[in-house]
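Following: one structure in structure tokens, then a few remarks.
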Amino acid sequence: MTGNHTDIYHDTYGSPLGTLLLASDGKHLTGLRFGTDTQEHDSLEVFRQTRQWLDAYFAGQQPDFTPPLLLSGSLFAQSVYRRLLTVPYGETATYGQLARLLADERQQRRVSAQAVGGALKRNPIAIIVPCHRIVGADGALTGYAYGLEHKAALIRLERSHVRRQVRKDGLSDLDDIIHLASGAERLAYQWMAETAIATN
């Protein structure tokens with residue numbers, strides 16, 4: 001859901017990557033971002049659902065539902081956020097790929113990747129609206145409002161879940177995943193593998 005709103009309710013969530021600030025208009029989740037605990041803890045059903053979603057996500061699971069969302073921003077930004085919701089868990093897309101999809105959707109000759117990047121920087125609902133899954137044309141992890149460390153950690157968390165799943169389906173290790181991936185996605189998996197090796 002999209003539209004204008006006023007954030008009048010707030011809560012916090014202690015994630016493994018730091019405090020997350022939740023905002024709501026009373027019925028929908030309108031904001032989710034990293035920040036400092038404000039000591040505001042309103043009790044809302046949408047916050048309960050968001051906490052349940054985040055609990056599953058940070059436990060390395062793919063949540064099977066989405067809390068009710070209210071996305072704000074320009075019409076263009078809202079179209080970007082809706083497209084983000086279609087990028088599958090554990091996968092990545094490039095800014096250029098997202099721009100081309102938006103151009104087709106809006107029946108425009110071209111949408112610039114830079115315009116997409118500008119909208120992503122203003123994404124009001126981090127993680128659930130997964131701007132962290134958007135990578136550079138060469139697979140580089142660039143342009144995340146909360147820092148590349150957080151972006152890498154979120155993708156790595158999802159990749160770990162995917163790796164467990166493909167092992168159940170008969171693939172032996174990350175090399176098999178990289179072999180099946182293509183283009184920017186393969187480069188992103190390789191980058192994550194090298195990062196994981198370097199930090200372990």
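By convention here, the chains of the structure tokens are called A, B, ... in the order presented, each chain's residues are numbered starting at 1, and ligands are numbered starting at 1 in the order presented.
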
Which neighbours of range 119-134 of chain A fall inside 6 Å, counting only C-alpha atoms, when residues of the same chain fewer than 3 positions from it are skipped, and could you give them as a PyMOL selection string?
chain A and resi 31-33+77+84-85+92-94+116+145+151

Using only N, CA, C and O atoms, please write the residues we just selected to a file, as a tab-separated table (two decimals), in the first residue's frame.
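Writing the result to part.tsv gives the following:
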```tsv
chain	number	residue	atom	x	y	z
A	31	GLY	N	7.69	2.89	8.74
A	31	GLY	CA	9.13	3.10	8.80
A	31	GLY	C	9.84	1.96	9.50
A	31	GLY	O	9.31	1.38	10.46
A	32	LEU	N	11.02	1.63	9.00
A	32	LEU	CA	11.89	0.64	9.64
A	32	LEU	C	13.31	1.01	9.26
A	32	LEU	O	13.68	0.93	8.09
A	33	ARG	N	14.09	1.45	10.23
A	33	ARG	CA	15.44	1.89	9.92
A	33	ARG	C	16.36	1.63	11.11
A	33	ARG	O	15.91	1.47	12.25
A	77	ALA	N	9.29	6.96	-6.63
A	77	ALA	CA	9.90	6.22	-5.52
A	77	ALA	C	9.03	5.05	-5.10
A	77	ALA	O	9.52	3.94	-4.86
A	84	LEU	N	11.02	-3.49	-5.63
A	84	LEU	CA	11.93	-4.13	-4.68
A	84	LEU	C	11.29	-5.35	-4.03
A	84	LEU	O	11.96	-6.36	-3.78
A	85	LEU	N	10.01	-5.25	-3.76
A	85	LEU	CA	9.30	-6.35	-3.10
A	85	LEU	C	9.22	-7.60	-3.97
A	85	LEU	O	8.88	-8.67	-3.48
A	92	THR	N	19.84	-11.28	-5.91
A	92	THR	CA	20.16	-9.88	-6.10
A	92	THR	C	19.78	-9.44	-7.50
A	92	THR	O	19.62	-10.27	-8.40
A	93	ALA	N	19.63	-8.14	-7.67
A	93	ALA	CA	19.41	-7.53	-8.98
A	93	ALA	C	20.28	-6.28	-9.04
A	93	ALA	O	20.70	-5.77	-8.01
A	94	THR	N	20.56	-5.81	-10.23
A	94	THR	CA	21.37	-4.60	-10.37
A	94	THR	C	20.47	-3.37	-10.48
A	94	THR	O	19.28	-3.47	-10.79
A	116	VAL	N	17.05	5.42	-9.79
A	116	VAL	CA	16.69	4.28	-8.94
A	116	VAL	C	17.50	4.33	-7.65
A	116	VAL	O	16.96	4.16	-6.55
A	145	ALA	N	22.22	2.94	2.48
A	145	ALA	CA	22.11	4.07	3.40
A	145	ALA	C	22.66	3.76	4.79
A	145	ALA	O	23.10	4.67	5.50
A	151	LYS	N	24.74	-4.05	4.63
A	151	LYS	CA	24.26	-4.62	3.38
A	151	LYS	C	24.85	-6.01	3.17
A	151	LYS	O	24.14	-6.96	2.84
```

Which residues are close to Gly96 in chain A, i.e. within 12 Å by only C-alpha atoms, leaving aside same-chain residues fewer than 3 positions away? Reply as a count of residues only.
22

Can you tell me which residues surround Thr38 in chain A at a distance of at most 8 Å, considering only C-alpha atoms, apart from same-chain residues fewer than 2 positions away, and format the answer as a PyMOL selection string?
chain A and resi 12+36+40

Neighbours of Tyr13 in chain A within 8 Å (only C-alpha atoms; same-chain residues fewer than 4 positions away dropped), as an MDAnalysis selection string?
chainID A and resid 19:22 51

d(CA of Arg48 in chain A, CA of Leu17 in chain A) in Å
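Taking CA of Arg48 in chain A as the start and CA of Leu17 in chain A as the end point, the length is 19.5 Å.
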
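Atom pair CA of Gln49 in chain A / CA of Ser74 in chain A has a distance of 26.5 Å (rounded to one decimal).
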
Taking the chain letters and numbering used in this document, name the residues of range 22-77 of chain A that DSSP puts in strand (DSSP E), as a list in words.
Leu22, Ala23, Ser24, Leu29, Thr30, Gly31, Leu32, Arg33 and Phe34 of chain A

Store the residues picked out above, limited to all heavy atoms, as a compact mmCIF listing (two decimals), in the first residue's frame.
```
# COMPACT_ATOMS: atom_id res chain seq x y z
N LEU A 22 10.98 1.32 14.55
CA LEU A 22 9.74 1.03 13.86
C LEU A 22 8.82 2.23 13.97
O LEU A 22 8.76 2.88 15.02
CB LEU A 22 9.04 -0.19 14.44
CG LEU A 22 9.64 -1.59 14.20
CD1 LEU A 22 11.00 -1.75 14.84
CD2 LEU A 22 8.68 -2.66 14.72
N ALA A 23 8.09 2.53 12.90
CA ALA A 23 7.11 3.62 12.91
C ALA A 23 5.82 3.14 12.27
O ALA A 23 5.82 2.27 11.39
CB ALA A 23 7.65 4.84 12.17
N SER A 24 4.70 3.72 12.70
CA SER A 24 3.39 3.31 12.18
C SER A 24 2.41 4.47 12.25
O SER A 24 2.55 5.38 13.07
CB SER A 24 2.85 2.13 13.00
OG SER A 24 1.53 1.80 12.62
N LEU A 29 2.86 -0.46 8.90
CA LEU A 29 4.25 -0.14 9.16
C LEU A 29 4.64 0.94 8.15
O LEU A 29 4.53 0.75 6.93
CB LEU A 29 5.14 -1.37 8.98
CG LEU A 29 6.62 -1.18 9.34
CD1 LEU A 29 6.78 -0.98 10.85
CD2 LEU A 29 7.44 -2.37 8.86
N THR A 30 5.11 2.08 8.64
CA THR A 30 5.48 3.19 7.76
C THR A 30 6.98 3.45 7.76
O THR A 30 7.48 4.16 6.89
CB THR A 30 4.76 4.48 8.17
OG1 THR A 30 5.07 4.78 9.55
CG2 THR A 30 3.25 4.33 8.02
N GLY A 31 7.69 2.89 8.74
CA GLY A 31 9.13 3.10 8.80
C GLY A 31 9.84 1.96 9.50
O GLY A 31 9.31 1.38 10.46
N LEU A 32 11.02 1.63 9.00
CA LEU A 32 11.89 0.64 9.64
C LEU A 32 13.31 1.01 9.26
O LEU A 32 13.68 0.93 8.09
CB LEU A 32 11.55 -0.77 9.17
CG LEU A 32 12.39 -1.90 9.78
CD1 LEU A 32 12.16 -2.00 11.29
CD2 LEU A 32 12.08 -3.24 9.11
N ARG A 33 14.09 1.45 10.23
CA ARG A 33 15.44 1.89 9.92
C ARG A 33 16.36 1.63 11.11
O ARG A 33 15.91 1.47 12.25
CB ARG A 33 15.45 3.38 9.59
CG ARG A 33 14.97 4.30 10.71
CD ARG A 33 14.90 5.74 10.28
NE ARG A 33 14.39 6.62 11.32
CZ ARG A 33 15.14 7.17 12.28
NH1 ARG A 33 16.45 6.92 12.31
NH2 ARG A 33 14.60 7.96 13.19
N PHE A 34 17.64 1.58 10.83
CA PHE A 34 18.62 1.45 11.90
C PHE A 34 18.79 2.80 12.59
O PHE A 34 18.77 3.85 11.95
CB PHE A 34 19.97 0.99 11.33
CG PHE A 34 19.97 -0.43 10.86
CD1 PHE A 34 19.79 -0.74 9.52
CD2 PHE A 34 20.16 -1.47 11.76
CE1 PHE A 34 19.79 -2.05 9.08
CE2 PHE A 34 20.16 -2.80 11.34
CZ PHE A 34 19.98 -3.09 9.99
```

Closest to Phe58 in chain A among A:Ile8, A:Glu91, A:Gln78, A:Pro16, using only C-alpha atoms?
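Comparing A:Ile8, A:Glu91, A:Gln78, A:Pro16 against Phe58 in chain A, the winner is A:Pro16.
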
Which of range 11-199 of chain A DSSP labels helix (DSSP H, G or I), written as a ChimeraX atom specification:
/A:45-58,75-84,95-106,113-121,131-133,148-168,174-180,183-199
